[in-house]
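Here is the file query_23.json (JSON, C-alpha atoms).
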[["chain", "number", "residue", "atom", "x", "y", "z"],
["Y", 8, "MET", "CA", -11.34, 13.22, -36.54],
["Y", 9, "THR", "CA", -11.87, 9.49, -37.09],
["Y", 10, "PHE", "CA", -8.41, 8.09, -36.32],
["Y", 11, "VAL", "CA", -5.80, 8.87, -33.65],
["Y", 12, "ARG", "CA", -2.57, 7.03, -32.91],
["Y", 13, "MET", "CA", -2.98, 4.82, -29.86],
["Y", 14, "ASP", "CA", -0.01, 6.29, -27.99],
["Y", 15, "LYS", "CA", -1.21, 9.87, -28.54],
["Y", 16, "TRP", "CA", -4.71, 9.05, -27.31],
["Y", 17, "LEU", "CA", -3.41, 7.19, -24.22],
["Y", 18, "TRP", "CA", -1.19, 10.17, -23.43],
["Y", 19, "ALA", "CA", -4.01, 12.70, -24.00],
["Y", 20, "ALA", "CA", -6.38, 10.66, -21.81],
["Y", 21, "ARG", "CA", -3.70, 10.68, -19.08],
["Y", 22, "PHE", "CA", -3.25, 6.93, -18.82],
["Y", 23, "PHE", "CA", 0.51, 7.56, -19.13],
["Y", 24, "LYS", "CA", 2.72, 10.48, -18.15],
["Y", 25, "THR", "CA", 4.61, 10.58, -21.45],
["Y", 26, "ARG", "CA", 4.03, 9.42, -25.01],
["Y", 27, "THR", "CA", 7.19, 7.34, -24.73],
["Y", 28, "LEU", "CA", 5.69, 5.31, -21.87],
["Y", 29, "ALA", "CA", 2.44, 4.91, -23.82],
["Y", 30, "ALA", "CA", 4.32, 3.70, -26.91],
["Y", 31, "ARG", "CA", 6.36, 1.28, -24.81],
["Y", 32, "ALA", "CA", 3.19, -0.20, -23.28],
["Y", 33, "CYS", "CA", 1.79, -0.73, -26.79],
["Y", 34, "GLU", "CA", 5.00, -2.43, -27.93],
["Y", 35, "LEU", "CA", 4.94, -4.76, -24.90],
["Y", 36, "HIS", "CA", 1.31, -5.71, -25.72],
["Y", 37, "ARG", "CA", -0.01, -4.34, -22.42],
["Y", 38, "ILE", "CA", -2.68, -2.43, -24.33],
["Y", 39, "GLN", "CA", -5.41, -4.35, -26.11],
["Y", 40, "SER", "CA", -7.86, -2.91, -28.59],
["Y", 41, "ASN", "CA", -11.05, -4.87, -29.31],
["Y", 42, "GLY", "CA", -9.50, -7.99, -27.79],
["Y", 43, "GLN", "CA", -6.31, -7.90, -29.87],
["Y", 44, "PRO", "CA", -2.92, -6.62, -28.68],
["Y", 45, "ALA", "CA", -2.01, -3.19, -29.98],
["Y", 46, "GLN", "CA", 0.90, -4.07, -32.25],
["Y", 47, "GLY", "CA", 2.91, -0.91, -32.03],
["Y", 48, "CYS", "CA", 1.76, 2.58, -31.21],
["Y", 49, "ALA", "CA", 0.56, 3.38, -34.73],
["Y", 50, "ARG", "CA", -2.51, 1.19, -34.34],
["Y", 51, "GLY", "CA", -5.44, 3.52, -34.43],
["Y", 52, "GLN", "CA", -7.92, 4.39, -31.75],
["Y", 53, "ASN", "CA", -11.42, 5.32, -32.79],
["Y", 54, "ARG", "CA", -14.67, 5.93, -30.96],
["Y", 55, "ARG", "CA", -15.92, 2.37, -31.37],
["Y", 56, "HIS", "CA", -12.93, 0.75, -29.68],
["Y", 57, "VAL", "CA", -13.15, -1.02, -26.37],
["Y", 58, "ALA", "CA", -9.62, -1.19, -25.01],
["Y", 59, "SER", "CA", -7.86, -2.46, -21.91],
["Y", 60, "ASP", "CA", -4.65, -1.81, -20.02],
["Y", 61, "LYS", "CA", -2.96, -4.51, -17.93],
["Y", 62, "ARG", "CA", -1.09, -3.17, -14.94],
["Y", 63, "GLN", "CA", 0.02, -5.30, -12.02],
["Y", 64, "ARG", "CA", -3.04, -7.27, -10.83],
["Y", 65, "LEU", "CA", -5.61, -4.98, -12.42],
["Y", 66, "THR", "CA", -6.98, -4.83, -15.96],
["Y", 67, "PHE", "CA", -8.54, -1.44, -16.68],
["Y", 68, "ARG", "CA", -11.18, -1.54, -19.46],
["Y", 69, "TRP", "CA", -12.67, 1.49, -21.18],
["Y", 70, "LYS", "CA", -14.64, 2.55, -24.24],
["Y", 71, "SER", "CA", -13.46, 5.55, -26.21],
["Y", 72, "VAL", "CA", -15.96, 8.42, -26.32],
["Y", 73, "VAL", "CA", -13.99, 11.33, -27.78],
["Y", 74, "LEU", "CA", -10.76, 11.35, -29.78],
["Y", 75, "SER", "CA", -8.01, 13.82, -28.96],
["Y", 76, "GLU", "CA", -4.32, 14.26, -29.73],
["Y", 77, "VAL", "CA", -3.88, 17.17, -27.33],
["Y", 78, "ARG", "CA", -3.21, 16.63, -23.64],
["Y", 79, "GLY", "CA", -5.41, 18.87, -21.52],
["Y", 80, "PRO", "CA", -6.46, 19.13, -17.91],
["Y", 81, "ALA", "CA", -7.53, 16.01, -16.02],
["Y", 82, "SER", "CA", -11.18, 17.05, -16.05],
["Y", 83, "VAL", "CA", -11.12, 17.11, -19.86],
["Y", 84, "ALA", "CA", -9.14, 13.86, -20.08],
["Y", 85, "GLN", "CA", -11.82, 12.03, -18.07],
["Y", 86, "THR", "CA", -14.38, 12.88, -20.75],
["Y", 87, "LEU", "CA", -12.38, 11.05, -23.44],
["Y", 88, "TYR", "CA", -13.35, 7.57, -22.21],
["Y", 89, "ARG", "CA", -15.96, 5.68, -20.21],
["Y", 90, "GLU", "CA", -14.85, 2.89, -17.87],
["Y", 91, "THR", "CA", -16.82, -0.36, -18.04],
["Y", 92, "GLU", "CA", -18.85, -1.41, -15.00],
["Y", 93, "ALA", "CA", -16.91, -4.66, -14.50],
["Y", 94, "SER", "CA", -13.62, -2.77, -14.55],
["Y", 95, "ARG", "CA", -14.89, -0.17, -12.07],
["Y", 96, "GLU", "CA", -16.10, -2.87, -9.65],
["Y", 97, "LEU", "CA", -12.79, -4.74, -9.85],
["Y", 98, "ARG", "CA", -10.79, -1.53, -9.36],
["Y", 99, "LEU", "CA", -12.81, -0.60, -6.26],
["Y", 100, "LYS", "CA", -12.45, -4.13, -4.88],
["Y", 101, "VAL", "CA", -8.65, -4.08, -5.29],
["Y", 102, "ALA", "CA", -8.49, -0.63, -3.67],
["Y", 103, "ALA", "CA", -10.48, -1.90, -0.69],
["Y", 104, "GLU", "CA", -8.14, -4.91, -0.36],
["Y", 105, "ARG", "CA", -5.08, -2.64, -0.39],
["Y", 106, "LYS", "CA", -6.65, -0.39, 2.24],
["Y", 107, "ALA", "CA", -7.43, -3.40, 4.46],
["Y", 108, "MET", "CA", -3.87, -4.73, 4.15],
["Y", 109, "LYS", "CA", -2.45, -1.48, 5.55],
["Y", 110, "GLN", "CA", -4.11, -2.21, 8.89],
["Y", 111, "PHE", "CA", -2.12, -5.44, 9.29],
["Y", 112, "GLU", "CA", 1.19, -3.97, 8.20],
["Y", 113, "GLU", "CA", 3.61, -3.48, 11.09],
["Y", 114, "LEU", "CA", 6.10, -0.68, 10.58],
["Y", 115, "PRO", "CA", 9.32, -0.31, 12.54],
["Y", 116, "ALA", "CA", 9.29, 2.16, 15.43],
["Y", 117, "GLY", "CA", 12.17, 4.33, 14.27],
["Y", 118, "ARG", "CA", 15.17, 4.50, 12.00],
["Y", 119, "PRO", "CA", 16.94, 1.23, 11.26],
["Y", 120, "SER", "CA", 20.16, 0.45, 13.09],
["Y", 121, "LYS", "CA", 23.47, 0.17, 11.24],
["Y", 122, "THR", "CA", 23.16, -3.64, 11.06],
["Y", 123, "ARG", "CA", 19.57, -3.45, 9.85],
["Y", 124, "SER", "CA", 20.50, -0.81, 7.21],
["Y", 125, "THR", "CA", 23.27, -3.06, 5.90],
["Y", 126, "LYS", "CA", 20.85, -5.99, 5.63],
["Y", 127, "ILE", "CA", 18.33, -3.83, 3.77],
["Y", 128, "ILE", "CA", 20.99, -2.68, 1.31],
["Y", 129, "GLN", "CA", 22.15, -6.25, 0.75],
["Y", 130, "PHE", "CA", 18.57, -7.43, 0.24],
["Y", 131, "ARG", "CA", 18.00, -4.78, -2.40],
["Y", 132, "GLY", "CA", 21.15, -5.95, -4.19],
["Y", 133, "ARG", "CA", 23.09, -2.73, -4.02],
["Y", 134, "ALA", "CA", 26.15, -4.05, -2.20]]
What is this file in structure tokens?
Amino acid sequence: MTFVRMDKWLWAARFFKTRTLAARACELHRIQSNGQPAQGCARGQNRRHVASDKRQRLTFRWKSVVLSEVRGPASVAQTLYRETEASRELRLKVAAERKAMKQFEELPAGRPSKTRSTKIIQFRGRA
């Protein structure tokens, strides 16, 4: 196998829960292959590709090792790619920052009062 559709490979490697989400990420140019945006999900993935996925503040970079169109267990999916060192360091750094921010977060003691609930609903734009 020398060519696999990008959305199928992303789905098989468990980057996305469904192929629809993987295809949508390709269409929105969130997935890059060899430095160029994946223009549609039909763009191929082969073993020489270095690709990246932009999500929130983090850019996840990997190199394809094995091609697959079949979604298997997570242990098998992890063998399909190899994460770059720079990406791994950045991911661990962001995880440490998130963990540190939880210590400073002050949560309310109990359930919100009726007034507080109304304000929360209004803030979320549901009323």
Margin query: Within 8 Å of (-6.6, 10.4, -20.9) (file coordinates; only C-alpha atoms), which protein or nucleic acid residues are there? I'd like them as a PyMOL selection string.
Written below: chain Y and resi 16-23+78+81+84-85+87-88
Note to self: From the options Y:Ala102, Y:Ala45, Y:Ala30, Y:Ala93, which residue's atoms come nearest to Thr66 (chain Y), counting all atoms listed in the file?
What the structure shows: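 Comparing Y:Ala102, Y:Ala45, Y:Ala30, Y:Ala93 against Thr66 (chain Y), the winner is Y:Ala93.
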Next item on the list: Could you check how far CA of Ala116 (chain Y) sits from CA of Phe130 (chain Y), in Å to one decimal?
Entry: 20.2 Å
Next item on the list: For Ala58 (chain Y), list every protein, DNA or RNA residue within 6 Å, evaluated using all atoms listed in the file, and leave out those in the same chain fewer than 5 positions away; present the list as number ranges by chain.
Entry: Y: 39-41, 68-69
Selected residues written out, C-alpha atoms, as an mmCIF file, in the coordinates of the input:
data_model
loop_
_atom_site.group_PDB
_atom_site.id
_atom_site.type_symbol
_atom_site.label_atom_id
_atom_site.label_comp_id
_atom_site.auth_asym_id
_atom_site.auth_seq_id
_atom_site.Cartn_x
_atom_site.Cartn_y
_atom_site.Cartn_z
ATOM 1 C CA GLN Y 39 -5.410 -4.350 -26.110
ATOM 2 C CA SER Y 40 -7.860 -2.910 -28.590
ATOM 3 C CA ASN Y 41 -11.050 -4.870 -29.310
ATOM 4 C CA ARG Y 68 -11.180 -1.540 -19.460
ATOM 5 C CA TRP Y 69 -12.670 1.490 -21.180
#
Check: What is the distance, in Å and to one decimal place, between CA of Leu65 (chain Y) and CA of Ser94 (chain Y)?
Finding: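 So the answer is 8.6 Å.
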Using only C-alpha atoms, which residues sit within 12 Å of Ala32 (chain Y) once same-chain residues fewer than 4 positions away are excluded, as an mmCIF file with C-alpha atoms, keeping the file's coordinate frame?
data_model
loop_
_atom_site.group_PDB
_atom_site.id
_atom_site.type_symbol
_atom_site.label_atom_id
_atom_site.label_comp_id
_atom_site.auth_asym_id
_atom_site.auth_seq_id
_atom_site.Cartn_x
_atom_site.Cartn_y
_atom_site.Cartn_z
ATOM 1 C CA MET Y 13 -2.980 4.820 -29.860
ATOM 2 C CA ASP Y 14 -0.010 6.290 -27.990
ATOM 3 C CA LEU Y 17 -3.410 7.190 -24.220
ATOM 4 C CA TRP Y 18 -1.190 10.170 -23.430
ATOM 5 C CA PHE Y 22 -3.250 6.930 -18.820
ATOM 6 C CA PHE Y 23 0.510 7.560 -19.130
ATOM 7 C CA LYS Y 24 2.720 10.480 -18.150
ATOM 8 C CA THR Y 25 4.610 10.580 -21.450
ATOM 9 C CA ARG Y 26 4.030 9.420 -25.010
ATOM 10 C CA THR Y 27 7.190 7.340 -24.730
ATOM 11 C CA LEU Y 28 5.690 5.310 -21.870
ATOM 12 C CA HIS Y 36 1.310 -5.710 -25.720
ATOM 13 C CA ARG Y 37 -0.010 -4.340 -22.420
ATOM 14 C CA ILE Y 38 -2.680 -2.430 -24.330
ATOM 15 C CA GLN Y 39 -5.410 -4.350 -26.110
ATOM 16 C CA PRO Y 44 -2.920 -6.620 -28.680
ATOM 17 C CA ALA Y 45 -2.010 -3.190 -29.980
ATOM 18 C CA GLN Y 46 0.900 -4.070 -32.250
ATOM 19 C CA GLY Y 47 2.910 -0.910 -32.030
ATOM 20 C CA CYS Y 48 1.760 2.580 -31.210
ATOM 21 C CA SER Y 59 -7.860 -2.460 -21.910
ATOM 22 C CA ASP Y 60 -4.650 -1.810 -20.020
ATOM 23 C CA LYS Y 61 -2.960 -4.510 -17.930
ATOM 24 C CA ARG Y 62 -1.090 -3.170 -14.940
#
Next item on the list: Measure the distance from CA of Glu92 (chain Y) to CA of Arg31 (chain Y) in Å and round it to one decimal.
Entry: 27.2 Å
Next item on the list: Pick out the closest residue to Arg98 (chain Y) from this set: Y:Arg133, Y:Glu113, Y:Pro80, Y:Phe67. Count only C-alpha atoms.
Entry: Y:Phe67
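The nearest approach to Lys70 (chain Y) among the residues Y:Cys33, Y:Ala103, Y:Val57, Y:Ile127, with all atoms listed in the file taken into account, belongs to Y:Val57.
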